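Q: Before I ask anything, let me first share the structure, which is written out below as structure tokens.
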Amino acid sequence: MINPYEVALRQLNDAAEILDLELFFRKKLQHMERSLAVSIPIRMDDGSVEIFEGYRIQHSTVRGPGKGGIRYDENVNMDELKALAMWMTWKTALLKLPLGGAKGGICVNPKKLSQGELERLTRRFTVEILNVIGPDIDIPAPDVNTNSQTMAWMMDTYSMQKGRTIPGVVTGKPVEIGGSLGRDRATGMGLFYIIQKLVEKLNLNFNSMSIIVQGFGKVGTVIAEELEEVGCKVIGVSDSTIGLYREAGLNTQELIAFKKNGGSFVNYDNDSVQKIDNREILTKRCDILIPAAKENEITKENADQIDCKIILEGANGPTTPNADEILNAKNIIVVPDILANSGGVLVSYFEYIQDINAYFWDMDRINEELQKVLLKAFEEVYHLSQDKSISLRTAAYLIAVSETSKAIQLRGLYP
Ligand code: GLU
């Protein structure tokens, strides 16, 4: 088993080495500022009581309040969340947002819980982490298996405890209660704006480019839809059960509808579509491969068999550093997670400032600001990678790590 925290540390240390970073900054950034583990007792529908493990981890708040999602997943553990929190620090620093990096989660399979159980779990978890979150402390958001309803329960629980409505405590809320337009599609749209820019830089053309998307959820469906719209052909998709492959192209809209109705690909019936293992789908030949599931999917075990031009990382941490070396040697361009999928946290930031100002933007403004901030970060990363002949990931890390280190230096060590 690859430990994501070790992966995150290796990425940080590699960047620190190139930057010749002072030991104090390295040490500071290797550690989490705060890690909270809580147990969450809830009454199940059958009257019994179950206890779940929950966590909220803040990697860095040196540039502003912590920011990052809450995931509900059976494999959630401290080391996974430490890595994810660190990656959030880099994402917000890369976009120059006045925010830090955090992450949280509950070790649970939400599919096994009823809606009522999920609500009680979310509310009790919110109370358990109440003292370490808040609009100027740490602002959670949705992540794997959580959504706008989860955020609505968190915001309500927090507000009830404080005796007043505080929408800015979480982002990714429904628009009716202080959510932002465009937040639900933001991560996928961000991926799209970035790949569009990259394709332009490389003098390529979307027309009839083949696409494979691993993970067909909140992020994967949006990018598949957007790329199809500009002429790409989606030839492979997968969910947590299985992969679907058709060289001549899949019916993306039908598959999106199938997933929206709660279907699993293992039950998808269509004679012209081949069912394959959801890891094997990664090694099928295509132009753009989009891992949009979870971490450690592209490793040194399968990197050699990856057969695409570009990898666009929709998930956090899908590629390990060992795999990166192999992909670089094969001249596969990897658009790193901390840049590629940062549209989500960017619109979260817009939501947060809209909440604080109690003034809401229309969709045009959201799209305009999203593209402006994201593409500025992309240009910075792209130019650095060209100037220094380094990968986009290394360039993104150099910018994010030095941005954060500068903040540590300016603030100094207390006391
Ligand atoms: N969970 C998302 C991510 O990994 C969004 C975090 C946020 O909006 O704060 O970037």
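A note on labels: chains of the structure tokens are A, B, ... as shown, every chain counts residues from 1, and ligands are counted from 1 in their shown order.
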Residues at most 7 Å from ligand 1, using only C-alpha atoms and all ligand atoms? Could they come as a ChimeraX atom specification?
A: /A:67-70,88,139-143,171-172,316,341-342,344-346,348
Q: Take the residues from that selection and put them in a file with C-alpha atoms, as a short mmCIF file (atom, residue, chain, number, x, y, z; two decimals), in the first residue's frame.
A:
data_model
loop_
_atom_site.label_atom_id
_atom_site.label_comp_id
_atom_site.auth_asym_id
_atom_site.auth_seq_id
_atom_site.Cartn_x
_atom_site.Cartn_y
_atom_site.Cartn_z
CA LYS A 67 -9.57 25.35 3.34
CA GLY A 68 -10.43 21.91 2.05
CA GLY A 69 -13.07 19.27 1.67
CA ILE A 70 -14.63 16.63 3.89
CA MET A 88 -4.78 22.02 -0.47
CA ILE A 139 -13.70 26.38 6.00
CA PRO A 140 -14.75 22.85 4.95
CA ALA A 141 -16.30 21.96 1.57
CA PRO A 142 -17.53 18.88 -0.28
CA ASP A 143 -15.15 16.14 -1.41
CA THR A 171 -18.59 26.30 0.96
CA GLY A 172 -20.35 24.16 -1.62
CA ASN A 316 -6.09 14.66 -5.89
CA ASN A 341 -8.48 20.58 -10.33
CA SER A 342 -8.14 23.87 -8.46
CA GLY A 344 -13.26 23.76 -7.23
CA VAL A 345 -11.51 25.54 -4.41
CA LEU A 346 -11.41 28.71 -6.48
CA SER A 348 -15.32 27.91 -3.07
#
Q: Using the chain letters and numbers from this document, which residues of range 295-387 of chain A does DSSP assign to strand (DSSP E or B), as an NGL selection string?
A: :A and (298 or 310-312 or 319 or 333-335)
Q: Write the selection just made, keeping C-alpha atoms, as a short mmCIF file (atom, residue, chain, number, x, y, z; two decimals), in the first residue's frame?
A:
data_model
loop_
_atom_site.label_atom_id
_atom_site.label_comp_id
_atom_site.auth_asym_id
_atom_site.auth_seq_id
_atom_site.Cartn_x
_atom_site.Cartn_y
_atom_site.Cartn_z
CA ILE A 298 -1.03 5.70 -11.66
CA ILE A 310 -1.73 14.17 -21.82
CA ILE A 311 -2.82 13.25 -18.30
CA LEU A 312 -5.21 15.76 -16.77
CA THR A 319 -0.04 9.85 -9.78
CA ILE A 333 2.49 15.72 -20.30
CA VAL A 334 0.94 15.60 -16.84
CA VAL A 335 -1.23 18.54 -15.79
#
Q: Contacts of Ile57 in chain A at 12 Å or less, counting only C-alpha atoms, minus same-chain residues fewer than 5 places along, as a PyMOL selection string?
A: chain A and resi 31-38+66-70+77-86+88-89+100-106+129+132-133+137-140
Q: Keeping only N, CA and C atoms, take the residues you just selected and write them out as a short mmCIF file (atom, residue, chain, number, x, y, z; two decimals), in the first residue's frame.
A:
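The resulting file, selection.cif, is shown below:
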data_model
loop_
_atom_site.label_atom_id
_atom_site.label_comp_id
_atom_site.auth_asym_id
_atom_site.auth_seq_id
_atom_site.Cartn_x
_atom_site.Cartn_y
_atom_site.Cartn_z
N HIS A 31 5.16 19.23 8.54
CA HIS A 31 4.24 18.91 9.64
C HIS A 31 2.88 19.58 9.49
N MET A 32 1.89 18.91 10.06
CA MET A 32 0.55 19.49 10.12
C MET A 32 0.50 20.48 11.28
N GLU A 33 -0.20 21.61 11.10
CA GLU A 33 -0.35 22.52 12.23
C GLU A 33 -1.25 21.92 13.31
N ARG A 34 -2.31 21.27 12.84
CA ARG A 34 -3.27 20.73 13.81
C ARG A 34 -3.95 19.50 13.23
N SER A 35 -4.04 18.44 14.03
CA SER A 35 -4.76 17.22 13.60
C SER A 35 -5.73 16.84 14.71
N LEU A 36 -6.98 16.81 14.36
CA LEU A 36 -8.00 16.47 15.36
C LEU A 36 -8.69 15.17 14.94
N ALA A 37 -8.71 14.20 15.86
CA ALA A 37 -9.44 12.94 15.62
C ALA A 37 -10.59 12.89 16.61
N VAL A 38 -11.76 12.58 16.11
CA VAL A 38 -12.93 12.54 17.01
C VAL A 38 -13.69 11.23 16.79
N GLY A 66 -7.72 27.82 7.08
CA GLY A 66 -7.64 26.51 6.41
C GLY A 66 -8.78 26.37 5.41
N LYS A 67 -8.53 25.58 4.35
CA LYS A 67 -9.57 25.35 3.34
C LYS A 67 -9.40 23.94 2.80
N GLY A 68 -10.50 23.25 2.63
CA GLY A 68 -10.43 21.91 2.05
C GLY A 68 -11.66 21.08 2.39
N GLY A 69 -11.84 20.05 1.61
CA GLY A 69 -13.07 19.27 1.67
C GLY A 69 -13.16 18.31 2.84
N ILE A 70 -14.34 17.69 2.92
CA ILE A 70 -14.63 16.63 3.89
C ILE A 70 -15.03 15.41 3.06
N ASN A 77 -8.13 7.86 6.47
CA ASN A 77 -7.27 7.74 7.66
C ASN A 77 -6.41 9.00 7.75
N MET A 78 -5.72 9.13 8.88
CA MET A 78 -4.93 10.34 9.15
C MET A 78 -3.92 10.63 8.03
N ASP A 79 -3.19 9.61 7.60
CA ASP A 79 -2.14 9.87 6.62
C ASP A 79 -2.70 10.30 5.28
N GLU A 80 -3.84 9.72 4.89
CA GLU A 80 -4.46 10.16 3.64
C GLU A 80 -4.86 11.64 3.76
N LEU A 81 -5.47 11.99 4.89
CA LEU A 81 -5.94 13.37 5.06
C LEU A 81 -4.79 14.37 5.21
N LYS A 82 -3.69 13.92 5.80
CA LYS A 82 -2.52 14.81 5.90
C LYS A 82 -2.03 15.18 4.50
N ALA A 83 -1.96 14.17 3.63
CA ALA A 83 -1.53 14.43 2.25
C ALA A 83 -2.51 15.37 1.57
N LEU A 84 -3.79 15.08 1.71
CA LEU A 84 -4.81 15.90 1.04
C LEU A 84 -4.80 17.33 1.57
N ALA A 85 -4.53 17.49 2.87
CA ALA A 85 -4.47 18.83 3.46
C ALA A 85 -3.26 19.59 2.90
N MET A 86 -2.14 18.88 2.77
CA MET A 86 -0.95 19.53 2.23
C MET A 86 -1.18 19.95 0.77
N MET A 88 -3.92 20.81 -0.49
CA MET A 88 -4.78 22.02 -0.47
C MET A 88 -3.94 23.27 -0.23
N THR A 89 -2.92 23.15 0.63
CA THR A 89 -2.03 24.31 0.86
C THR A 89 -1.40 24.75 -0.46
N GLY A 100 -5.39 28.75 3.49
CA GLY A 100 -4.40 27.70 3.72
C GLY A 100 -4.91 26.36 3.23
N GLY A 101 -4.36 25.29 3.82
CA GLY A 101 -4.74 23.95 3.39
C GLY A 101 -5.22 23.11 4.56
N ALA A 102 -6.36 22.43 4.35
CA ALA A 102 -6.92 21.56 5.39
C ALA A 102 -7.70 20.43 4.71
N LYS A 103 -8.06 19.44 5.45
CA LYS A 103 -8.91 18.37 4.91
C LYS A 103 -9.53 17.63 6.08
N GLY A 104 -10.66 17.00 5.82
CA GLY A 104 -11.29 16.23 6.89
C GLY A 104 -12.04 15.06 6.30
N GLY A 105 -12.54 14.24 7.18
CA GLY A 105 -13.31 13.12 6.67
C GLY A 105 -13.80 12.21 7.76
N ILE A 106 -14.66 11.30 7.36
CA ILE A 106 -15.17 10.28 8.28
C ILE A 106 -14.93 8.93 7.62
N ILE A 129 -16.12 18.92 15.73
CA ILE A 129 -14.99 19.72 15.21
C ILE A 129 -15.28 21.23 15.30
N VAL A 132 -12.61 24.00 15.87
CA VAL A 132 -11.48 24.20 14.96
C VAL A 132 -11.92 24.67 13.57
N ILE A 133 -13.24 24.86 13.37
CA ILE A 133 -13.69 25.40 12.08
C ILE A 133 -14.35 26.76 12.29
N ILE A 137 -11.27 30.56 10.56
CA ILE A 137 -10.38 29.53 11.12
C ILE A 137 -10.09 28.46 10.05
N ASP A 138 -11.13 27.83 9.60
CA ASP A 138 -10.98 26.73 8.64
C ASP A 138 -12.36 26.47 8.03
N ILE A 139 -12.41 26.42 6.72
CA ILE A 139 -13.70 26.38 6.00
C ILE A 139 -13.82 25.09 5.19
N PRO A 140 -14.57 24.10 5.70
CA PRO A 140 -14.75 22.85 4.95
C PRO A 140 -15.57 23.02 3.67
#
Q: Near Glu254 in chain A, within 12 Å and counting only C-alpha atoms, which residues show up once chain neighbours fewer than 5 positions away are dropped, as an MDAnalysis selection string?
A: chainID A and resid 221 225 259:261 263 265 268:270
Q: Which one is closest to Arg10 in chain A: A:Arg185, A:Arg411, A:Lys372, A:Pro321? Count only C-alpha atoms.
A: A:Pro321
Q: Name the residues in contact with range 21-23 of chain A at a cut-off of 12 Å, using only C-alpha atoms, excluding same-chain residues fewer than 4 positions from it; report them as a ChimeraX atom specification.
A: /A:12-17,27-30,398,401-406,408-409
Q: Identify which of the residues A:Ser180, A:Asn278, A:Gln253, A:Gln115 lies closest to Phe360 in chain A, counting only C-alpha atoms when measuring atom-to-atom distances.
A: A:Ser180
